[in-house]
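Have a look at entry11.cif below; it lists mmCIF, C-alpha atoms.
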data_coords
loop_
_atom_site.label_atom_id
_atom_site.label_comp_id
_atom_site.auth_asym_id
_atom_site.auth_seq_id
_atom_site.Cartn_x
_atom_site.Cartn_y
_atom_site.Cartn_z
CA MET A 1 -0.32 95.51 7.63
CA ASP A 2 0.31 92.06 9.09
CA ILE A 3 3.41 89.91 8.55
CA PHE A 4 1.97 88.00 5.55
CA ASP A 5 1.21 91.25 3.70
CA GLU A 6 4.62 92.66 4.53
CA GLU A 7 6.47 89.53 3.38
CA LYS A 8 4.36 89.38 0.22
CA ARG A 9 5.22 93.00 -0.58
CA VAL A 10 8.94 92.39 -0.04
CA PHE A 11 8.93 89.15 -2.03
CA LEU A 12 7.14 90.59 -5.03
CA ALA A 13 9.43 93.62 -5.08
CA LYS A 14 12.70 91.67 -5.12
CA LYS A 15 14.67 90.36 -8.06
CA ASP A 16 13.81 86.90 -9.46
CA LYS A 17 16.40 84.51 -8.05
CA SER A 18 15.79 81.57 -10.44
CA LYS A 19 18.47 80.41 -12.88
CA LYS A 20 16.36 81.80 -15.70
CA GLY A 21 15.92 85.13 -13.90
CA SER A 22 12.26 85.54 -14.91
CA ILE A 23 8.87 83.81 -14.81
CA ASP A 24 8.32 81.83 -18.01
CA SER A 25 5.67 83.32 -20.26
CA GLY A 26 3.41 80.24 -20.24
CA ILE A 27 2.67 80.66 -16.54
CA LEU A 28 2.96 84.46 -16.17
CA ASN A 29 -0.79 85.05 -16.39
CA LEU A 30 -1.52 82.40 -13.75
CA VAL A 31 1.15 83.81 -11.43
CA SER A 32 -0.33 87.33 -11.82
CA LEU A 33 -3.76 85.98 -10.94
CA ILE A 34 -2.38 84.24 -7.85
CA ASN A 35 -0.46 87.33 -6.74
CA SER A 36 -3.59 89.48 -7.14
CA GLN A 37 -5.34 87.40 -4.44
CA GLN A 38 -5.34 88.70 -0.89
CA ASP A 39 -4.34 85.41 0.71
CA TYR A 40 -1.80 84.00 -1.75
CA TYR A 41 1.36 84.68 -3.70
CA SER A 42 3.59 82.50 -5.82
CA THR A 43 7.18 82.04 -4.68
CA SER A 44 8.31 79.71 -7.47
CA SER A 45 6.88 78.46 -10.75
CA CYS A 46 7.59 76.44 -13.89
CA SER A 47 5.09 75.94 -16.70
CA GLY A 48 6.46 72.51 -17.55
CA ARG A 49 9.40 71.89 -19.87
CA ILE A 50 11.40 69.58 -22.05
CA VAL A 51 14.97 69.17 -20.84
CA LEU A 52 18.13 67.25 -21.53
CA ILE A 53 20.05 66.52 -18.37
CA GLU A 54 23.26 64.71 -17.63
CA ARG A 55 23.45 62.75 -14.42
CA GLU A 56 24.60 59.67 -12.58
CA GLU A 57 21.58 57.57 -11.65
CA ALA A 58 18.77 59.24 -9.74
CA LYS A 59 21.06 61.22 -7.46
CA GLU A 60 20.31 64.64 -6.09
CA LYS A 61 19.16 67.36 -8.42
CA ASP A 62 22.27 69.44 -7.68
CA LYS A 63 24.49 66.89 -9.33
CA ALA A 64 22.54 67.00 -12.57
CA LYS A 65 23.81 69.19 -15.40
CA TRP A 66 21.32 70.92 -17.70
CA LEU A 67 22.21 70.54 -21.41
CA PHE A 68 18.99 71.92 -22.86
CA SER A 69 15.70 73.31 -21.61
CA SER A 70 12.54 74.55 -23.33
CA HIS A 71 9.23 75.63 -21.80
CA ASP A 72 7.55 75.34 -25.19
CA PRO A 73 7.11 72.40 -27.55
CA VAL A 74 10.33 71.98 -29.52
CA ASN A 75 10.83 72.03 -33.26
CA LYS A 76 12.05 68.57 -34.19
CA SER A 77 14.79 69.50 -36.63
CA LEU A 78 16.08 72.37 -34.50
CA PHE A 79 16.13 70.10 -31.47
CA LEU A 80 18.05 67.41 -33.36
CA LYS A 81 20.52 70.00 -34.58
CA LYS A 82 21.14 71.18 -31.00
CA LEU A 83 21.41 67.62 -29.77
CA TYR A 84 24.04 66.70 -32.37
CA GLU A 85 26.10 69.73 -31.38
CA ILE A 86 26.38 68.48 -27.79
CA ASN A 87 29.65 66.87 -26.83
CA LEU A 88 28.07 63.74 -25.35
CA PRO A 89 29.32 63.02 -21.82
CA GLU A 90 30.13 59.68 -20.20
CA LYS A 91 27.26 60.00 -17.76
CA THR A 92 23.72 59.17 -18.78
CA VAL A 93 21.84 61.85 -20.73
CA TRP A 94 18.10 61.87 -20.05
CA LEU A 95 15.40 63.38 -22.22
CA ARG A 96 12.73 64.52 -19.80
CA GLN A 97 9.37 66.17 -20.01
CA GLU A 98 8.57 67.75 -16.66
CA PRO A 99 5.14 68.87 -15.42
CA LEU A 100 4.12 72.29 -14.19
CA ILE A 101 5.20 73.12 -10.66
CA LEU A 102 4.06 75.99 -8.48
CA HIS A 103 4.84 77.01 -4.91
CA ILE A 104 2.20 79.24 -3.41
CA ARG A 105 2.51 80.87 -0.04
CA CYS A 106 -0.80 81.13 1.78
CA ARG A 107 -1.92 83.49 4.53
CA THR A 108 -3.25 80.74 6.83
CA LEU A 109 -3.50 76.97 6.97
CA GLN A 110 -7.19 77.35 6.26
CA SER A 111 -6.55 79.32 3.06
CA ALA A 112 -3.98 76.67 2.07
CA PHE A 113 -6.38 73.77 2.51
CA ASN A 114 -9.20 75.64 0.76
CA LEU A 115 -6.97 76.10 -2.28
CA LEU A 116 -5.62 72.55 -2.10
CA ASN A 117 -9.17 71.26 -2.20
CA ASP A 118 -9.91 73.11 -5.45
CA VAL A 119 -6.60 72.10 -7.00
CA ARG A 120 -6.98 68.40 -6.26
CA LYS A 121 -10.42 68.45 -7.90
CA LEU A 122 -8.66 69.38 -11.17
CA GLY A 123 -6.78 66.07 -11.03
CA LEU A 124 -3.55 67.59 -9.68
CA LYS A 125 -3.33 64.84 -7.10
CA ARG A 126 0.37 65.27 -6.39
CA SER A 127 -0.28 68.60 -4.66
CA GLY A 128 0.08 69.23 -0.95
CA VAL A 129 1.04 71.58 1.85
CA ILE A 130 4.82 71.30 2.07
CA ALA A 131 5.59 73.80 4.82
CA ALA A 132 3.59 75.23 7.66
CA ASN A 133 5.98 76.51 10.29
CA LYS A 134 6.29 80.21 9.73
CA ARG A 135 5.28 80.24 6.11
CA VAL A 136 2.41 78.08 4.92
CA THR A 137 3.26 76.88 1.41
CA ILE A 138 1.47 74.68 -1.10
CA GLU A 139 3.19 72.80 -3.87
CA ILE A 140 1.09 72.16 -6.97
CA ILE A 141 2.53 69.69 -9.41
CA GLY A 142 1.26 68.14 -12.63
CA THR A 143 1.33 64.46 -13.47
CA GLU A 144 2.56 64.51 -17.09
CA ARG A 145 6.10 63.29 -17.43
CA MET A 146 8.52 61.32 -19.51
CA ASP A 147 11.98 60.29 -18.43
CA VAL A 148 14.08 58.47 -21.03
CA PRO A 149 17.83 57.74 -21.05
CA ILE A 150 19.08 58.56 -24.57
CA ALA A 151 22.88 58.55 -24.37
CA GLU A 152 25.69 57.12 -22.24
CA ASN A 153 29.45 56.72 -22.54
CA ARG A 154 29.53 59.45 -25.18
CA LYS A 155 27.20 57.48 -27.49
CA PHE A 156 23.51 57.57 -28.33
CA LEU A 157 21.52 54.59 -27.03
CA ILE A 158 18.70 55.01 -29.54
CA ASP A 159 18.24 55.74 -33.24
CA GLU A 160 16.99 58.93 -34.82
CA ASN A 161 13.52 57.60 -35.63
CA TYR A 162 12.86 56.80 -32.01
CA LEU A 163 14.34 60.13 -30.95
CA LEU A 164 11.89 61.93 -33.26
CA TYR A 165 9.08 59.85 -31.80
CA LEU A 166 10.14 60.84 -28.26
CA ILE A 167 10.16 64.52 -29.16
CA GLU A 168 6.60 64.22 -30.50
CA LYS A 169 5.50 62.47 -27.30
CA ALA A 170 7.21 65.06 -25.11
CA ASN A 171 5.59 67.90 -27.08
CA ALA A 172 2.14 66.31 -26.70
CA LYS A 173 2.60 65.86 -22.96
CA LEU A 174 3.86 69.41 -22.57
CA LEU A 175 0.66 70.67 -24.22
CA LEU A 176 -1.38 68.73 -21.64
CA THR A 177 0.58 70.56 -18.96
CA LYS A 178 -0.32 73.90 -20.56
CA GLU A 179 -4.01 72.87 -20.42
CA LYS A 180 -3.66 72.33 -16.67
CA ILE A 181 -2.38 75.90 -16.35
CA LYS A 182 -5.51 77.19 -18.12
CA MET A 183 -7.65 75.14 -15.73
CA LEU A 184 -5.79 76.57 -12.75
CA GLU A 185 -6.33 80.12 -14.02
CA LYS A 186 -10.07 79.56 -13.68
CA ILE A 187 -9.91 78.90 -9.93
CA PHE A 188 -8.17 82.20 -9.18
CA MET B 1 -10.64 56.46 23.13
CA ASP B 2 -10.87 59.47 20.81
CA ILE B 3 -11.99 59.43 17.19
CA PHE B 4 -8.45 59.03 15.76
CA ASP B 5 -7.82 55.92 17.88
CA GLU B 6 -11.19 54.48 16.98
CA GLU B 7 -10.71 55.05 13.24
CA LYS B 8 -7.20 53.63 13.43
CA ARG B 9 -8.49 50.51 15.14
CA VAL B 10 -11.24 50.03 12.55
CA PHE B 11 -8.89 50.72 9.62
CA LEU B 12 -6.21 48.29 10.76
CA ALA B 13 -8.79 45.57 11.40
CA LYS B 14 -10.40 45.69 7.98
CA LYS B 15 -9.50 43.85 4.80
CA ASP B 16 -6.89 45.33 2.45
CA LYS B 17 -8.79 46.98 -0.40
CA SER B 18 -5.87 47.37 -2.82
CA LYS B 19 -5.80 45.52 -6.16
CA LYS B 20 -3.01 43.39 -4.80
CA GLY B 21 -4.92 42.65 -1.58
CA SER B 22 -1.87 42.90 0.68
CA ILE B 23 1.00 45.21 1.64
CA ASP B 24 4.08 44.39 -0.45
CA SER B 25 6.86 42.77 1.50
CA GLY B 26 9.47 45.49 0.81
CA ILE B 27 7.50 48.05 2.82
CA LEU B 28 5.81 45.80 5.40
CA ASN B 29 8.36 46.51 8.11
CA LEU B 30 8.08 50.28 7.61
CA VAL B 31 4.27 50.11 7.67
CA SER B 32 4.39 48.11 10.93
CA LEU B 33 6.68 50.71 12.47
CA ILE B 34 4.33 53.52 11.41
CA ASN B 35 1.27 51.69 12.73
CA SER B 36 2.99 51.07 16.07
CA GLN B 37 3.19 54.86 16.63
CA GLN B 38 0.52 56.52 18.73
CA ASP B 39 -0.09 59.39 16.34
CA TYR B 40 0.14 57.73 12.93
CA TYR B 41 -1.04 54.90 10.75
CA SER B 42 -0.54 54.05 7.10
CA THR B 43 -3.63 53.96 4.88
CA SER B 44 -1.89 53.12 1.61
CA SER B 45 1.62 52.09 0.54
CA CYS B 46 3.77 50.94 -2.36
CA SER B 47 7.47 50.13 -2.08
CA GLY B 48 8.18 51.26 -5.64
CA ARG B 49 7.80 49.06 -8.69
CA ILE B 50 8.56 48.35 -12.30
CA VAL B 51 5.43 48.29 -14.46
CA LEU B 52 4.28 47.97 -18.02
CA ILE B 53 1.17 49.99 -18.68
CA GLU B 54 -0.93 50.60 -21.75
CA ARG B 55 -2.45 54.04 -22.16
CA GLU B 56 -3.37 56.88 -24.43
CA GLU B 57 -1.14 59.88 -23.65
CA ALA B 58 -0.96 61.05 -20.06
CA LYS B 59 -4.65 60.60 -19.35
CA GLU B 60 -6.11 59.64 -16.01
CA LYS B 61 -4.72 56.67 -14.17
CA ASP B 62 -8.07 54.86 -14.43
CA LYS B 63 -7.77 54.61 -18.17
CA ALA B 64 -4.40 52.89 -17.99
CA LYS B 65 -4.21 49.11 -18.20
CA TRP B 66 -1.57 47.24 -16.22
CA LEU B 67 0.27 44.61 -18.28
CA PHE B 68 2.99 43.79 -15.76
CA SER B 69 4.03 44.86 -12.27
CA SER B 70 6.92 43.94 -9.98
CA HIS B 71 7.90 45.41 -6.63
CA ASP B 72 11.32 43.78 -6.91
CA PRO B 73 14.09 44.15 -9.47
CA VAL B 74 13.25 41.98 -12.45
CA ASN B 75 15.25 39.17 -13.99
CA LYS B 76 16.14 40.33 -17.49
CA SER B 77 15.45 37.13 -19.39
CA LEU B 78 12.24 36.35 -17.51
CA PHE B 79 11.04 39.88 -18.10
CA LEU B 80 11.81 39.66 -21.83
CA LYS B 81 9.99 36.35 -22.01
CA LYS B 82 6.89 37.87 -20.38
CA LEU B 83 7.09 40.90 -22.60
CA TYR B 84 7.21 38.83 -25.78
CA GLU B 85 4.14 36.91 -24.65
CA ILE B 86 2.09 40.10 -24.50
CA ASN B 87 -0.27 40.69 -27.38
CA LEU B 88 0.92 44.25 -28.05
CA PRO B 89 -1.95 46.76 -28.16
CA GLU B 90 -2.44 49.75 -30.46
CA LYS B 91 -2.07 52.17 -27.59
CA THR B 92 1.32 53.17 -26.28
CA VAL B 93 2.97 50.73 -23.88
CA TRP B 94 5.15 52.43 -21.26
CA LEU B 95 7.91 50.85 -19.22
CA ARG B 96 7.86 52.70 -15.93
CA GLN B 97 9.79 52.63 -12.72
CA GLU B 98 7.70 54.23 -9.98
CA PRO B 99 8.95 55.50 -6.62
CA LEU B 100 7.75 54.53 -3.17
CA ILE B 101 4.49 56.10 -2.09
CA LEU B 102 2.97 56.18 1.37
CA HIS B 103 -0.16 57.75 2.77
CA ILE B 104 0.00 58.26 6.52
CA ARG B 105 -2.91 59.46 8.58
CA CYS B 106 -1.84 61.69 11.47
CA ARG B 107 -3.58 62.48 14.75
CA THR B 108 -3.19 66.26 14.43
CA LEU B 109 -1.86 68.84 12.00
CA GLN B 110 1.04 69.32 14.37
CA SER B 111 1.97 65.62 14.26
CA ALA B 112 1.68 65.78 10.47
CA PHE B 113 4.04 68.71 10.10
CA ASN B 114 6.50 67.23 12.60
CA LEU B 115 6.71 64.09 10.49
CA LEU B 116 6.84 66.01 7.23
CA ASN B 117 9.80 67.94 8.53
CA ASP B 118 11.76 64.73 9.21
CA VAL B 119 10.75 63.21 5.89
CA ARG B 120 11.77 66.18 3.79
CA LYS B 121 15.19 66.16 5.46
CA LEU B 122 15.73 62.72 3.89
CA GLY B 123 15.41 64.29 0.44
CA LEU B 124 11.82 63.17 -0.09
CA LYS B 125 10.93 66.64 -1.29
CA ARG B 126 7.76 65.63 -3.08
CA SER B 127 6.02 64.97 0.24
CA GLY B 128 3.21 67.03 1.69
CA VAL B 129 -0.01 67.17 3.67
CA ILE B 130 -2.69 66.26 1.13
CA ALA B 131 -5.81 66.33 3.32
CA ALA B 132 -6.69 68.05 6.54
CA ASN B 133 -10.44 68.30 6.79
CA LYS B 134 -11.54 65.45 9.00
CA ARG B 135 -8.52 63.24 8.45
CA VAL B 136 -5.06 64.74 8.35
CA THR B 137 -3.04 62.77 5.80
CA ILE B 138 0.54 63.00 4.58
CA GLU B 139 1.71 61.70 1.22
CA ILE B 140 5.34 60.65 1.07
CA ILE B 141 6.70 60.03 -2.39
CA GLY B 142 10.13 59.18 -3.74
CA THR B 143 11.85 60.92 -6.62
CA GLU B 144 13.25 57.97 -8.58
CA ARG B 145 11.41 57.36 -11.78
CA MET B 146 11.69 56.34 -15.39
CA ASP B 147 8.93 56.59 -17.94
CA VAL B 148 9.71 55.25 -21.41
CA PRO B 149 7.36 54.44 -24.32
CA ILE B 150 8.44 51.07 -25.70
CA ALA B 151 5.66 49.94 -28.06
CA GLU B 152 2.82 51.41 -30.11
CA ASN B 153 0.51 50.22 -32.90
CA ARG B 154 1.24 46.61 -31.92
CA LYS B 155 4.98 47.03 -32.58
CA PHE B 156 8.06 47.61 -30.46
CA LEU B 157 9.61 51.07 -30.85
CA ILE B 158 13.03 49.99 -29.61
CA ASP B 159 15.45 47.11 -30.05
CA GLU B 160 16.27 44.38 -27.55
CA ASN B 161 19.65 45.81 -26.55
CA TYR B 162 18.08 49.07 -25.48
CA LEU B 163 15.29 47.18 -23.74
CA LEU B 164 17.85 45.25 -21.71
CA TYR B 165 19.59 48.51 -20.87
CA LEU B 166 16.28 50.01 -19.68
CA ILE B 167 15.60 47.04 -17.43
CA GLU B 168 19.03 47.47 -15.84
CA LYS B 169 18.36 51.17 -15.28
CA ALA B 170 14.90 50.48 -13.83
CA ASN B 171 16.35 47.85 -11.48
CA ALA B 172 19.05 50.26 -10.28
CA LYS B 173 16.51 53.01 -9.62
CA LEU B 174 14.20 50.59 -7.83
CA LEU B 175 17.06 49.71 -5.48
CA LEU B 176 17.51 53.42 -4.67
CA THR B 177 13.82 53.46 -3.74
CA LYS B 178 14.36 50.54 -1.38
CA GLU B 179 17.19 52.49 0.29
CA LYS B 180 14.76 55.34 0.95
CA ILE B 181 12.48 52.87 2.73
CA LYS B 182 15.36 51.87 5.02
CA MET B 183 16.03 55.54 5.73
CA LEU B 184 12.37 56.10 6.56
CA GLU B 185 12.37 53.14 8.95
CA LYS B 186 14.96 54.97 11.05
CA ILE B 187 12.70 57.94 11.74
CA PHE B 188 9.91 55.78 13.20
#
Output the structure of this file as structure tokens.
Amino acid sequence: MDIFDEEKRVFLAKKDKSKKGSIDSGILNLVSLINSQQDYYSTSSCSGRIVLIEREEAKEKDKAKWLFSSHDPVNKSLFLKKLYEINLPEKTVWLRQEPLILHIRCRTLQSAFNLLNDVRKLGLKRSGVIAANKRVTIEIIGTERMDVPIAENRKFLIDENYLLYLIEKANAKLLLTKEKIKMLEKIF
Amino acid sequence: MDIFDEEKRVFLAKKDKSKKGSIDSGILNLVSLINSQQDYYSTSSCSGRIVLIEREEAKEKDKAKWLFSSHDPVNKSLFLKKLYEINLPEKTVWLRQEPLILHIRCRTLQSAFNLLNDVRKLGLKRSGVIAANKRVTIEIIGTERMDVPIAENRKFLIDENYLLYLIEKANAKLLLTKEKIKMLEKIF
């Protein structure tokens, strides 16, 4: 057993360290397919999501505070209900739809670039090899996104009609992200 | 002269093939610094921008139509004036602030990963090696962005106050992008 196989075994046996503590269901099948390959395993994944975050400008991720997160399209009235329960902060609140993101460790640089080639053909042009020292890792990232400031100084910046419109848009984009996951499943 | 040097010479001598036809001034200094290095040259660059684009959902870039583009912060009243002159389309019009993007060809995989290491330390975590077959290429991409639907079915979705607010936000984020360019200049 070489070092890649050993590290893969240890990684897949250990507890999920993400905030959520588990792989979200929308990407579980894809992650299983990846992990079943000899030369790859997934070290991190998100199937795309709709989030509300509170943050000062475009500062580092660590300084952002998550107010809401859903990996599935949201129900408009339930979402509004949740939103109105939030004690709006002074900082800007952003409604964001984020694309799928996957980190895949690869046995060799060659196996990384082979995979990257297939992935980029699917239109996932923001993907690349992000580490290659000891552990060759690919990041695959979708292109669907929306990033809208909706509240600031404890007040909403927009009216409810527009908010409902944004939720519809975010839901539609999130579904496009899910289609990308299905396309990725086919290459594994 | 090896093949990298020859291709670099040919590339830097030829006409700029971008829509704009030239490198935008905000990133010209950085591009010159990159091109002065033995092991690197830039094949594509954008210093970040504020754009208005018309498109159906998050479809391919090719299907989007550019209505406005500025690599510098925009003057609010001039921007509004331009916006009101646009014959609004049926498709969604998005106000977007896009981050800096750079493609850098590298002599070897080793020189690519050395550079990537420095770049990622600056917080440009979306950067990676995107091609490595014949031509090793790094993509460096910023994280600042905003992506807001502002019109659809020939009508604005938002009021002028919110529009002015969005322009301010986009300008502030664009300035953060320009700071990243300064930081990048230091590593070359």
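Among the candidates A:Arg126, A:Leu164, A:Ile138, A:Ala170, the residue lying nearest to Leu78 in chain A is A:Leu164 (atoms considered: all atoms listed in the file).
Counting all atoms listed in the file, the residue from B:Leu67, B:Ile140, B:Leu116, B:Leu166 that sits nearest to Pro89 in chain B is B:Leu67.
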Legend entry - Nearby residues (all atoms listed in the file) at most 9 Å from His103 in chain B, same-chain spacing under 6 positions excluded, as a PyMOL selection string: chain B and resi 41-45+137-141
Inset, instruction - Run the PyMOL selection byres ((chain A) within 10 of (chain B)) on the file and write out the hits as number ranges by chain. - result: A: 57-61, 94-97, 109-110, 113-114, 116-117, 120, 123, 125-133, 137-139, 141, 143-150, 157-159, 161-162, 165-166, 169-170, 172-174, 176-177
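The protein and nucleic acid residues lying at most 12 Å from Leu175 in chain A are A:Gly26, A:Ser47, A:Gly48, A:Arg49, A:Ile50, A:His71, A:Asp72, A:Pro73, A:Val74, A:Gln97, A:Glu98, A:Pro99, A:Leu100, A:Gly142, A:Glu144, A:Arg145, A:Glu168, A:Lys169, A:Ile181, A:Lys182, B:Glu57, B:Ala58, with all atoms listed in the file considered and sequence neighbours fewer than 6 positions away removed.
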Store the residues of this selection in a file with C-alpha atoms, as an mmCIF file, in the coordinates of the input.
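Resulting contents of part-v3.cif:
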data_model
loop_
_atom_site.group_PDB
_atom_site.id
_atom_site.type_symbol
_atom_site.label_atom_id
_atom_site.label_comp_id
_atom_site.auth_asym_id
_atom_site.auth_seq_id
_atom_site.Cartn_x
_atom_site.Cartn_y
_atom_site.Cartn_z
ATOM 1 C CA GLY A 26 3.410 80.240 -20.240
ATOM 2 C CA SER A 47 5.090 75.940 -16.700
ATOM 3 C CA GLY A 48 6.460 72.510 -17.550
ATOM 4 C CA ARG A 49 9.400 71.890 -19.870
ATOM 5 C CA ILE A 50 11.400 69.580 -22.050
ATOM 6 C CA HIS A 71 9.230 75.630 -21.800
ATOM 7 C CA ASP A 72 7.550 75.340 -25.190
ATOM 8 C CA PRO A 73 7.110 72.400 -27.550
ATOM 9 C CA VAL A 74 10.330 71.980 -29.520
ATOM 10 C CA GLN A 97 9.370 66.170 -20.010
ATOM 11 C CA GLU A 98 8.570 67.750 -16.660
ATOM 12 C CA PRO A 99 5.140 68.870 -15.420
ATOM 13 C CA LEU A 100 4.120 72.290 -14.190
ATOM 14 C CA GLY A 142 1.260 68.140 -12.630
ATOM 15 C CA GLU A 144 2.560 64.510 -17.090
ATOM 16 C CA ARG A 145 6.100 63.290 -17.430
ATOM 17 C CA GLU A 168 6.600 64.220 -30.500
ATOM 18 C CA LYS A 169 5.500 62.470 -27.300
ATOM 19 C CA ILE A 181 -2.380 75.900 -16.350
ATOM 20 C CA LYS A 182 -5.510 77.190 -18.120
ATOM 21 C CA GLU B 57 -1.140 59.880 -23.650
ATOM 22 C CA ALA B 58 -0.960 61.050 -20.060
#
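Interatomic distance, CA of Cys106 in chain A against CA of Gln38 in chain A: 9.2 Å.
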Inset, instruction - For the structure shown, which residues end up in the PyMOL selection byres ((chain B and resi 92) around 7)? Put them as a ChimeraX atom specification, please? - result: /B:54-56,90-91,93-94,149,151-152
Inset, instruction - Quick one: pull the distance between CA of Tyr40 in chain A and CA of Arg107 in chain A, Å, one decimal. - result: 6.3 Å
Legend entry - Result set of the PyMOL selection byres ((chain A and resi 3) around 12) on the coordinates above, as a ChimeraX atom specification: /A:1-2,4-11,39,106-108,134-135
Written file, previous selection with C-alpha atoms, as a PDB file, keeping the file's coordinate frame:
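The result, written out as selection-v1.pdb:
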ATOM      1  CA  MET A   1      -0.320  95.510   7.630  1.00  0.00           C
ATOM      2  CA  ASP A   2       0.310  92.060   9.090  1.00  0.00           C
ATOM      3  CA  PHE A   4       1.970  88.000   5.550  1.00  0.00           C
ATOM      4  CA  ASP A   5       1.210  91.250   3.700  1.00  0.00           C
ATOM      5  CA  GLU A   6       4.620  92.660   4.530  1.00  0.00           C
ATOM      6  CA  GLU A   7       6.470  89.530   3.380  1.00  0.00           C
ATOM      7  CA  LYS A   8       4.360  89.380   0.220  1.00  0.00           C
ATOM      8  CA  ARG A   9       5.220  93.000  -0.580  1.00  0.00           C
ATOM      9  CA  VAL A  10       8.940  92.390  -0.040  1.00  0.00           C
ATOM     10  CA  PHE A  11       8.930  89.150  -2.030  1.00  0.00           C
ATOM     11  CA  ASP A  39      -4.340  85.410   0.710  1.00  0.00           C
ATOM     12  CA  CYS A 106      -0.800  81.130   1.780  1.00  0.00           C
ATOM     13  CA  ARG A 107      -1.920  83.490   4.530  1.00  0.00           C
ATOM     14  CA  THR A 108      -3.250  80.740   6.830  1.00  0.00           C
ATOM     15  CA  LYS A 134       6.290  80.210   9.730  1.00  0.00           C
ATOM     16  CA  ARG A 135       5.280  80.240   6.110  1.00  0.00           C
TER      17      ARG A 135
END
Legend entry - Proximity to Leu102 in chain A - best of A:Ile27, A:Lys65, A:Asn75, A:Leu163, all atoms listed in the file: A:Ile27
Can you tell me which residues surround Phe68 in chain A at a distance of at most 10 Å, considering only C-alpha atoms, apart from same-chain residues fewer than 6 positions away, and format the answer as a tab-separated table (two decimals) with C-alpha atoms, in the coordinates of the input?
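Generated file (around_17.tsv):
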chain	number	residue	atom	x	y	z
A	50	ILE	CA	11.40	69.58	-22.05
A	51	VAL	CA	14.97	69.17	-20.84
A	52	LEU	CA	18.13	67.25	-21.53
A	53	ILE	CA	20.05	66.52	-18.37
A	54	GLU	CA	23.26	64.71	-17.63
A	79	PHE	CA	16.13	70.10	-31.47
A	82	LYS	CA	21.14	71.18	-31.00
A	83	LEU	CA	21.41	67.62	-29.77
A	86	ILE	CA	26.38	68.48	-27.79
A	95	LEU	CA	15.40	63.38	-22.22
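The spacing separating CA of Glu179 in chain A from CA of Leu33 in chain A amounts to 16.2 Å.
Closest approach to Phe156 in chain A from the set A:Ile23, A:Asp118, A:Ser32, A:Leu88 is made by A:Leu88, with distances taken over all atoms listed in the file.
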